[in-house]
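> Contents are PDB, C-alpha atoms, pLDDT in the B column; file name structure01.pdb:
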ATOM      1  CA  MET A  12     -25.372   0.413  -2.060  1.00 59.00           C
ATOM      2  CA  LYS A  13     -22.960  -2.281  -0.946  1.00 72.00           C
ATOM      3  CA  GLY A  14     -20.544  -1.579   1.867  1.00 73.00           C
ATOM      4  CA  SER A  15     -17.563  -2.494  -0.293  1.00 80.00           C
ATOM      5  CA  LEU A  16     -18.625   0.080  -2.904  1.00 82.00           C
ATOM      6  CA  VAL A  17     -18.798   2.769  -0.221  1.00 85.00           C
ATOM      7  CA  PHE A  18     -15.346   1.737   0.994  1.00 86.00           C
ATOM      8  CA  ASN A  19     -13.929   1.762  -2.547  1.00 86.00           C
ATOM      9  CA  LEU A  20     -15.415   5.197  -3.213  1.00 89.00           C
ATOM     10  CA  PHE A  21     -13.768   6.408  -0.008  1.00 88.00           C
ATOM     11  CA  MET A  22     -10.486   4.887  -1.180  1.00 88.00           C
ATOM     12  CA  LEU A  23     -10.974   6.715  -4.487  1.00 90.00           C
ATOM     13  CA  ALA A  24     -11.554  10.034  -2.713  1.00 91.00           C
ATOM     14  CA  ILE A  25      -8.186   9.957  -0.933  1.00 89.00           C
ATOM     15  CA  PRO A  26      -5.919  10.024  -4.015  1.00 89.00           C
ATOM     16  CA  ALA A  27      -8.428  12.300  -5.778  1.00 91.00           C
ATOM     17  CA  TYR A  28      -7.966  14.803  -2.959  1.00 91.00           C
ATOM     18  CA  PHE A  29      -4.176  14.658  -3.272  1.00 87.00           C
ATOM     19  CA  VAL A  30      -4.272  15.057  -7.047  1.00 90.00           C
ATOM     20  CA  TRP A  31      -6.762  17.926  -6.808  1.00 91.00           C
ATOM     21  CA  SER A  32      -4.895  19.732  -4.030  1.00 90.00           C
ATOM     22  CA  CYS A  33      -1.490  19.414  -5.703  1.00 88.00           C
ATOM     23  CA  PHE A  34      -2.503  22.022  -8.279  1.00 89.00           C
ATOM     24  CA  GLY A  35      -2.144  24.608  -5.529  1.00 88.00           C
ATOM     25  CA  TYR A  36       1.555  23.722  -5.171  1.00 87.00           C
ATOM     26  CA  ALA A  37       4.464  25.159  -7.083  1.00 86.00           C
ATOM     27  CA  PRO A  38       4.831  23.495 -10.505  1.00 83.00           C
ATOM     28  CA  THR A  39       7.864  21.422  -9.478  1.00 80.00           C
ATOM     29  CA  ALA A  40       6.162  20.281  -6.264  1.00 82.00           C
ATOM     30  CA  ARG A  41       3.264  18.768  -8.228  1.00 83.00           C
ATOM     31  CA  TYR A  42       5.265  15.938  -9.727  1.00 81.00           C
ATOM     32  CA  ILE A  43       5.244  13.453  -6.848  1.00 82.00           C
ATOM     33  CA  PRO A  44       1.514  13.759  -6.016  1.00 83.00           C
ATOM     34  CA  LEU A  45       0.687  13.414  -9.716  1.00 85.00           C
ATOM     35  CA  ILE A  46       3.102  10.518 -10.332  1.00 84.00           C
ATOM     36  CA  VAL A  47       1.676   8.604  -7.378  1.00 85.00           C
ATOM     37  CA  GLY A  48      -1.915   9.853  -7.402  1.00 88.00           C
ATOM     38  CA  ILE A  49      -2.910   9.312 -11.033  1.00 91.00           C
ATOM     39  CA  PRO A  50      -1.951   5.593 -11.184  1.00 90.00           C
ATOM     40  CA  VAL A  51      -3.662   5.037  -7.825  1.00 91.00           C
ATOM     41  CA  LEU A  52      -6.793   6.755  -9.160  1.00 93.00           C
ATOM     42  CA  VAL A  53      -6.779   4.606 -12.293  1.00 92.00           C
ATOM     43  CA  LEU A  54      -6.277   1.393 -10.332  1.00 90.00           C
ATOM     44  CA  GLN A  55      -8.979   2.281  -7.814  1.00 91.00           C
ATOM     45  CA  VAL A  56     -11.431   3.040 -10.626  1.00 91.00           C
ATOM     46  CA  TRP A  57     -10.507  -0.362 -12.085  1.00 88.00           C
ATOM     47  CA  VAL A  58     -11.327  -2.007  -8.732  1.00 86.00           C
ATOM     48  CA  ILE A  59     -14.727  -0.285  -8.660  1.00 87.00           C
ATOM     49  CA  VAL A  60     -15.480  -1.297 -12.261  1.00 87.00           C
ATOM     50  CA  GLN A  61     -14.476  -4.896 -11.547  1.00 85.00           C
ATOM     51  CA  GLU A  62     -16.744  -4.979  -8.525  1.00 83.00           C
ATOM     52  CA  ARG A  63     -19.670  -3.384 -10.341  1.00 82.00           C
ATOM     53  CA  PHE A  64     -19.351  -5.380 -13.590  1.00 80.00           C
ATOM     54  CA  PRO A  65     -17.599  -8.648 -12.747  1.00 75.00           C
ATOM     55  CA  SER A  66     -18.459 -10.372 -16.027  1.00 75.00           C
ATOM     56  CA  ALA A  67     -16.814  -7.612 -18.098  1.00 67.00           C
ATOM     57  CA  SER A  68     -13.509  -7.970 -16.267  1.00 62.00           C
ATOM     58  CA  ARG A  69     -13.454 -11.756 -15.843  1.00 64.00           C
ATOM     59  CA  ALA A  70     -10.769 -12.158 -18.518  1.00 61.00           C
ATOM     60  CA  TYR A  71      -8.397 -10.090 -16.361  1.00 61.00           C
ATOM     61  CA  ASP A  72      -9.200 -11.993 -13.166  1.00 60.00           C
ATOM     62  CA  VAL A  73      -6.044 -14.081 -12.981  1.00 58.00           C
ATOM     63  CA  SER A  74      -4.034 -14.801  -9.881  1.00 53.00           C
ATOM     64  CA  ILE A  75      -0.255 -14.924  -9.961  1.00 44.00           C
ATOM     65  CA  LEU A  76      -0.567 -18.212  -8.091  1.00 46.00           C
ATOM     66  CA  ASP A  77      -2.419 -19.709 -11.046  1.00 51.00           C
ATOM     67  CA  LEU A  78       0.482 -19.021 -13.394  1.00 43.00           C
ATOM     68  CA  GLY A  79       2.871 -21.445 -11.712  1.00 42.00           C
ATOM     69  CA  GLY A  80       2.880 -25.200 -11.811  1.00 46.00           C
ATOM     70  CA  GLY A  81       2.284 -25.551 -15.553  1.00 41.00           C
ATOM     71  CA  GLN A  82      -1.466 -25.045 -15.292  1.00 44.00           C
ATOM     72  CA  GLY A  83      -1.517 -21.893 -17.399  1.00 44.00           C
ATOM     73  CA  ALA A  84      -3.556 -18.817 -16.675  1.00 44.00           C
ATOM     74  CA  ALA A  85      -6.720 -20.133 -15.110  1.00 45.00           C
ATOM     75  CA  PRO A  86      -9.271 -17.531 -14.043  1.00 49.00           C
ATOM     76  CA  ALA A  87      -9.049 -16.935 -10.327  1.00 49.00           C
ATOM     77  CA  ALA A  88     -12.825 -16.504 -10.068  1.00 50.00           C
ATOM     78  CA  GLU A  89     -13.301 -20.255 -10.437  1.00 49.00           C
ATOM     79  CA  HIS A  90     -11.059 -20.934  -7.467  1.00 50.00           C
ATOM     80  CA  SER A  91     -11.972 -18.056  -5.227  1.00 54.00           C
ATOM     81  CA  LYS A  92     -14.744 -18.297  -2.722  1.00 61.00           C
ATOM     82  CA  ARG A  93     -15.032 -15.803   0.080  1.00 63.00           C
ATOM     83  CA  PRO A  94     -13.440 -17.449   3.092  1.00 67.00           C
ATOM     84  CA  ALA A  95     -15.412 -17.630   6.298  1.00 71.00           C
ATOM     85  CA  ASP A  96     -12.688 -15.745   8.159  1.00 76.00           C
ATOM     86  CA  GLU A  97     -12.539 -12.789   5.741  1.00 76.00           C
ATOM     87  CA  GLY A  98     -13.609 -10.301   8.427  1.00 79.00           C
ATOM     88  CA  ARG A  99     -10.878 -11.535  10.734  1.00 82.00           C
ATOM     89  CA  ARG A 100      -8.313 -11.137   7.956  1.00 82.00           C
ATOM     90  CA  VAL A 101      -9.405  -7.555   7.317  1.00 82.00           C
ATOM     91  CA  ILE A 102      -9.031  -6.770  11.026  1.00 87.00           C
ATOM     92  CA  ILE A 103      -5.562  -8.346  11.078  1.00 87.00           C
ATOM     93  CA  ILE A 104      -4.396  -6.304   8.084  1.00 87.00           C
ATOM     94  CA  GLY A 105      -5.871  -3.189   9.698  1.00 87.00           C
ATOM     95  CA  GLY A 106      -3.873  -3.990  12.815  1.00 90.00           C
ATOM     96  CA  TRP A 107      -0.687  -4.339  10.768  1.00 91.00           C
ATOM     97  CA  LEU A 108      -1.330  -0.961   9.134  1.00 91.00           C
ATOM     98  CA  ALA A 109      -1.986   0.615  12.541  1.00 92.00           C
ATOM     99  CA  LEU A 110       1.302  -0.848  13.795  1.00 94.00           C
ATOM    100  CA  TYR A 111       3.164   0.702  10.861  1.00 92.00           C
ATOM    101  CA  PHE A 112       1.517   4.064  11.540  1.00 91.00           C
ATOM    102  CA  VAL A 113       2.543   3.956  15.205  1.00 91.00           C
ATOM    103  CA  LEU A 114       6.096   2.879  14.352  1.00 92.00           C
ATOM    104  CA  PHE A 115       6.331   5.570  11.670  1.00 90.00           C
ATOM    105  CA  SER A 116       5.102   8.247  14.073  1.00 87.00           C
ATOM    106  CA  LEU A 117       7.475   7.223  16.851  1.00 89.00           C
ATOM    107  CA  VAL A 118      10.739   6.232  15.157  1.00 92.00           C
ATOM    108  CA  GLY A 119      10.472   7.664  11.628  1.00 88.00           C
ATOM    109  CA  ALA A 120      10.341   6.316   8.115  1.00 89.00           C
ATOM    110  CA  TYR A 121      13.491   4.207   7.801  1.00 91.00           C
ATOM    111  CA  PRO A 122      13.445   2.348  11.145  1.00 93.00           C
ATOM    112  CA  ALA A 123       9.663   1.888  10.934  1.00 94.00           C
ATOM    113  CA  THR A 124       9.922   0.380   7.472  1.00 93.00           C
ATOM    114  CA  LEU A 125      12.755  -1.903   8.510  1.00 94.00           C
ATOM    115  CA  GLY A 126      10.974  -3.096  11.664  1.00 94.00           C
ATOM    116  CA  PHE A 127       7.544  -3.395  10.074  1.00 94.00           C
ATOM    117  CA  ILE A 128       8.667  -5.444   7.081  1.00 93.00           C
ATOM    118  CA  LEU A 129      10.785  -7.665   9.318  1.00 93.00           C
ATOM    119  CA  LEU A 130       7.887  -8.315  11.721  1.00 93.00           C
ATOM    120  CA  PHE A 131       5.316  -8.728   8.962  1.00 91.00           C
ATOM    121  CA  LEU A 132       7.390 -11.261   7.050  1.00 89.00           C
ATOM    122  CA  LEU A 133       8.285 -13.227  10.163  1.00 90.00           C
ATOM    123  CA  VAL A 134       4.819 -13.319  11.693  1.00 89.00           C
ATOM    124  CA  SER A 135       2.379 -13.115   8.814  1.00 84.00           C
ATOM    125  CA  SER A 136       4.128 -14.924   5.989  1.00 80.00           C
ATOM    126  CA  ARG A 137       6.333 -17.077   8.205  1.00 78.00           C
ATOM    127  CA  THR A 138       9.516 -16.613   6.202  1.00 83.00           C
ATOM    128  CA  THR A 139      12.936 -17.397   7.572  1.00 87.00           C
ATOM    129  CA  TRP A 140      14.934 -14.844   9.536  1.00 88.00           C
ATOM    130  CA  ARG A 141      17.458 -14.487   6.748  1.00 91.00           C
ATOM    131  CA  VAL A 142      14.868 -13.775   4.054  1.00 89.00           C
ATOM    132  CA  ALA A 143      12.901 -11.395   6.281  1.00 89.00           C
ATOM    133  CA  LEU A 144      16.033  -9.532   7.338  1.00 93.00           C
ATOM    134  CA  ALA A 145      17.322  -9.307   3.764  1.00 93.00           C
ATOM    135  CA  MET A 146      13.970  -8.028   2.470  1.00 92.00           C
ATOM    136  CA  SER A 147      13.592  -5.430   5.226  1.00 93.00           C
ATOM    137  CA  ILE A 148      17.179  -4.184   4.921  1.00 95.00           C
ATOM    138  CA  GLY A 149      16.922  -4.123   1.129  1.00 94.00           C
ATOM    139  CA  THR A 150      13.686  -2.135   1.202  1.00 93.00           C
ATOM    140  CA  SER A 151      15.067   0.330   3.739  1.00 93.00           C
ATOM    141  CA  ILE A 152      18.233   0.838   1.696  1.00 94.00           C
ATOM    142  CA  ALA A 153      16.153   1.333  -1.468  1.00 91.00           C
ATOM    143  CA  LEU A 154      14.084   4.000   0.314  1.00 89.00           C
ATOM    144  CA  TRP A 155      17.204   5.723   1.575  1.00 90.00           C
ATOM    145  CA  VAL A 156      18.842   5.686  -1.872  1.00 89.00           C
ATOM    146  CA  LEU A 157      15.699   6.950  -3.588  1.00 84.00           C
ATOM    147  CA  PHE A 158      14.717   9.657  -1.130  1.00 85.00           C
ATOM    148  CA  GLY A 159      17.956  10.465   0.703  1.00 85.00           C
ATOM    149  CA  LEU A 160      20.549  10.264  -2.047  1.00 86.00           C
ATOM    150  CA  ILE A 161      18.757  10.757  -5.354  1.00 83.00           C
ATOM    151  CA  MET A 162      15.954  13.148  -4.398  1.00 79.00           C
ATOM    152  CA  LYS A 163      17.789  14.739  -1.442  1.00 82.00           C
ATOM    153  CA  TYR A 164      14.567  14.599   0.560  1.00 80.00           C
ATOM    154  CA  GLN A 165      14.578  13.970   4.284  1.00 81.00           C
ATOM    155  CA  LEU A 166      11.808  11.620   5.354  1.00 82.00           C
ATOM    156  CA  TYR A 167      10.068  11.980   8.700  1.00 81.00           C
ATOM    157  CA  GLU A 168      12.490  11.397  11.610  1.00 84.00           C
ATOM    158  CA  GLY A 169      10.002  10.241  14.215  1.00 83.00           C
ATOM    159  CA  ALA A 170       8.766  11.839  17.418  1.00 81.00           C
ATOM    160  CA  LEU A 171      11.388  10.023  19.509  1.00 83.00           C
ATOM    161  CA  PHE A 172      14.217  11.445  17.377  1.00 80.00           C
ATOM    162  CA  GLY A 173      13.150  15.070  17.323  1.00 77.00           C
ATOM    163  CA  GLY A 174      10.673  15.052  14.473  1.00 72.00           C
ATOM    164  CA  LEU A 175       7.457  16.971  14.829  1.00 72.00           C
ATOM    165  CA  VAL A 176       4.356  14.857  15.187  1.00 64.00           C
ATOM    166  CA  PRO A 177       2.733  14.757  11.743  1.00 55.00           C
ATOM    167  CA  PRO A 178      -0.585  16.591  11.539  1.00 58.00           C
ATOM    168  CA  LEU A 179      -3.618  14.369  11.308  1.00 56.00           C
TER     169      LEU A 179
END
Please express the file's structure as structure tokens.


Amino acid sequence: MKGSLVFNLFMLAIPAYFVWSCFGYAPTARYIPLIVGIPVLVLQVWVIVQERFPSASRAYDVSILDLGGGQGAAPAAEHSKRPADEGRRVIIIGGWLALYFVLFSLVGAYPATLGFILLFLLVSSRTTWRVALAMSIGTSIALWVLFGLIMKYQLYEGALFGGLVPPL
């Protein structure tokens, strides 16, 4: 069994757990885990199928980068070779995710999202300050409107601002 298959099965187990456990909630509390969990389950199964049977899914293997420049929809499999620094890239992305977790735990959802997106866009994608600031502010405002105003749900405040440390 390949290591990536084990990892993908683990990634499938996480949303499966949330979908399964949400049936113990009150009927109205099930909506969010189901709305998020079922599409994630479907997409993760698609990833596993693509990995297991690459020839069956080759027609869907198109990169958004291939669509620009007038070249049409060329299959990404022809262009993609595993880069030599793939392991380093995985570690870097893991570090970014760990940073977001630490920020989220310390300062809460809104400031962590703002700071993380700003840092990620500036450092990783090397965008300009204006674009990075606009994207991070826009995302934070969208989160606040969705959760704070529309759903009237208070997101985690952060340990530094009086929030309880989330259980792990």

> Near Pro26 of chain A, counting all atoms listed in the file, which residues have an atom at most 10 Å away, once you skip same-chain residues fewer than 5 positions from it, shown as a list in words?

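After dropping sequence-adjacent residues, the list is Phe21, Trp31, Ser32, Pro44, Leu45, Val47, Gly48, Ile49, Pro50, Val51, Leu52, Val53 and Gln55 of chain A.
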
> Please determine, counting all atoms listed in the file, which residue among A:Ile43, A:Ile59, A:Leu114, A:Leu157 has the shortest atom-to-atom distance to Ser15 of chain A.

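Ranking A:Ile43, A:Ile59, A:Leu114, A:Leu157 by distance to Ser15 of chain A, first place goes to A:Ile59.
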
> Name every residue that the PyMOL selection byres ((chain A and resi 124) around 9) selects in this structure, writing the answer as an NGL selection string with chains first and numbers rising.

:A and (111 or 114-115 or 119-123 or 125-129 or 147-148 or 150-151)

> Enter the distance from atom CA of Val60 of chain A to atom CA of Arg41 of chain A, in Å, rounded to one decimal.

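Taking atom CA of Val60 of chain A and atom CA of Arg41 of chain A, their separation equals 27.8 Å.
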
> For atom CA of Ala27 of chain A and atom CA of Lys13 of chain A, quote the distance in Å rounded to one decimal.

21.1 Å

> I'd like the interatomic distance between atom CA of Leu144 of chain A and atom CA of Ala170 of chain A, to a tenth of an Å.

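Going from atom CA of Leu144 of chain A over to atom CA of Ala170 of chain A, I get 24.7 Å.
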
> Extract segment 133-152 of chain A from the structure I just pasted (atoms: N, CA and C atoms) and return it as a PDB file, in the first residue's frame.


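Output file result_33.pdb follows:
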ATOM      1  N   LEU A 133       2.091  37.386   0.965  1.00  0.00           N
ATOM      2  CA  LEU A 133       3.330  38.164   0.835  1.00  0.00           C
ATOM      3  C   LEU A 133       4.556  37.270   0.690  1.00  0.00           C
ATOM      4  N   VAL A 134       4.622  36.228   1.491  1.00  0.00           N
ATOM      5  CA  VAL A 134       5.827  35.397   1.520  1.00  0.00           C
ATOM      6  C   VAL A 134       5.789  34.307   0.451  1.00  0.00           C
ATOM      7  N   SER A 135       4.698  33.565   0.402  1.00  0.00           N
ATOM      8  CA  SER A 135       4.660  32.396  -0.458  1.00  0.00           C
ATOM      9  C   SER A 135       4.368  32.720  -1.913  1.00  0.00           C
ATOM     10  N   SER A 136       3.393  33.599  -2.151  1.00  0.00           N
ATOM     11  CA  SER A 136       3.068  33.886  -3.549  1.00  0.00           C
ATOM     12  C   SER A 136       3.676  35.190  -4.035  1.00  0.00           C
ATOM     13  N   ARG A 137       4.307  35.910  -3.140  1.00  0.00           N
ATOM     14  CA  ARG A 137       5.025  37.137  -3.471  1.00  0.00           C
ATOM     15  C   ARG A 137       4.155  38.159  -4.203  1.00  0.00           C
ATOM     16  N   THR A 138       2.951  38.377  -3.669  1.00  0.00           N
ATOM     17  CA  THR A 138       2.088  39.409  -4.222  1.00  0.00           C
ATOM     18  C   THR A 138       2.457  40.748  -3.611  1.00  0.00           C
ATOM     19  N   THR A 139       1.881  41.797  -4.138  1.00  0.00           N
ATOM     20  CA  THR A 139       2.157  43.125  -3.608  1.00  0.00           C
ATOM     21  C   THR A 139       1.421  43.311  -2.288  1.00  0.00           C
ATOM     22  N   TRP A 140       1.849  44.316  -1.533  1.00  0.00           N
ATOM     23  CA  TRP A 140       1.220  44.612  -0.250  1.00  0.00           C
ATOM     24  C   TRP A 140      -0.255  44.935  -0.428  1.00  0.00           C
ATOM     25  N   ARG A 141      -0.554  45.711  -1.447  1.00  0.00           N
ATOM     26  CA  ARG A 141      -1.942  46.125  -1.661  1.00  0.00           C
ATOM     27  C   ARG A 141      -2.850  44.932  -1.938  1.00  0.00           C
ATOM     28  N   VAL A 142      -2.409  44.045  -2.819  1.00  0.00           N
ATOM     29  CA  VAL A 142      -3.223  42.867  -3.151  1.00  0.00           C
ATOM     30  C   VAL A 142      -3.360  41.960  -1.936  1.00  0.00           C
ATOM     31  N   ALA A 143      -2.261  41.717  -1.236  1.00  0.00           N
ATOM     32  CA  ALA A 143      -2.304  40.848  -0.058  1.00  0.00           C
ATOM     33  C   ALA A 143      -3.195  41.431   1.025  1.00  0.00           C
ATOM     34  N   LEU A 144      -3.090  42.727   1.256  1.00  0.00           N
ATOM     35  CA  LEU A 144      -3.914  43.372   2.273  1.00  0.00           C
ATOM     36  C   LEU A 144      -5.387  43.354   1.870  1.00  0.00           C
ATOM     37  N   ALA A 145      -5.668  43.625   0.616  1.00  0.00           N
ATOM     38  CA  ALA A 145      -7.057  43.605   0.139  1.00  0.00           C
ATOM     39  C   ALA A 145      -7.657  42.201   0.249  1.00  0.00           C
ATOM     40  N   MET A 146      -6.895  41.191  -0.129  1.00  0.00           N
ATOM     41  CA  MET A 146      -7.396  39.810  -0.054  1.00  0.00           C
ATOM     42  C   MET A 146      -7.634  39.392   1.392  1.00  0.00           C
ATOM     43  N   SER A 147      -6.709  39.721   2.286  1.00  0.00           N
ATOM     44  CA  SER A 147      -6.865  39.303   3.681  1.00  0.00           C
ATOM     45  C   SER A 147      -8.005  40.055   4.361  1.00  0.00           C
ATOM     46  N   ILE A 148      -8.131  41.343   4.099  1.00  0.00           N
ATOM     47  CA  ILE A 148      -9.241  42.109   4.678  1.00  0.00           C
ATOM     48  C   ILE A 148     -10.566  41.629   4.089  1.00  0.00           C
ATOM     49  N   GLY A 149     -10.598  41.407   2.796  1.00  0.00           N
ATOM     50  CA  GLY A 149     -11.827  40.928   2.155  1.00  0.00           C
ATOM     51  C   GLY A 149     -12.270  39.573   2.684  1.00  0.00           C
ATOM     52  N   THR A 150     -11.339  38.668   2.875  1.00  0.00           N
ATOM     53  CA  THR A 150     -11.677  37.346   3.412  1.00  0.00           C
ATOM     54  C   THR A 150     -12.161  37.451   4.854  1.00  0.00           C
ATOM     55  N   SER A 151     -11.503  38.273   5.653  1.00  0.00           N
ATOM     56  CA  SER A 151     -11.917  38.437   7.041  1.00  0.00           C
ATOM     57  C   SER A 151     -13.304  39.070   7.139  1.00  0.00           C
ATOM     58  N   ILE A 152     -13.573  40.048   6.302  1.00  0.00           N
ATOM     59  CA  ILE A 152     -14.902  40.669   6.294  1.00  0.00           C
ATOM     60  C   ILE A 152     -15.955  39.662   5.844  1.00  0.00           C
TER      61      ILE A 152
END
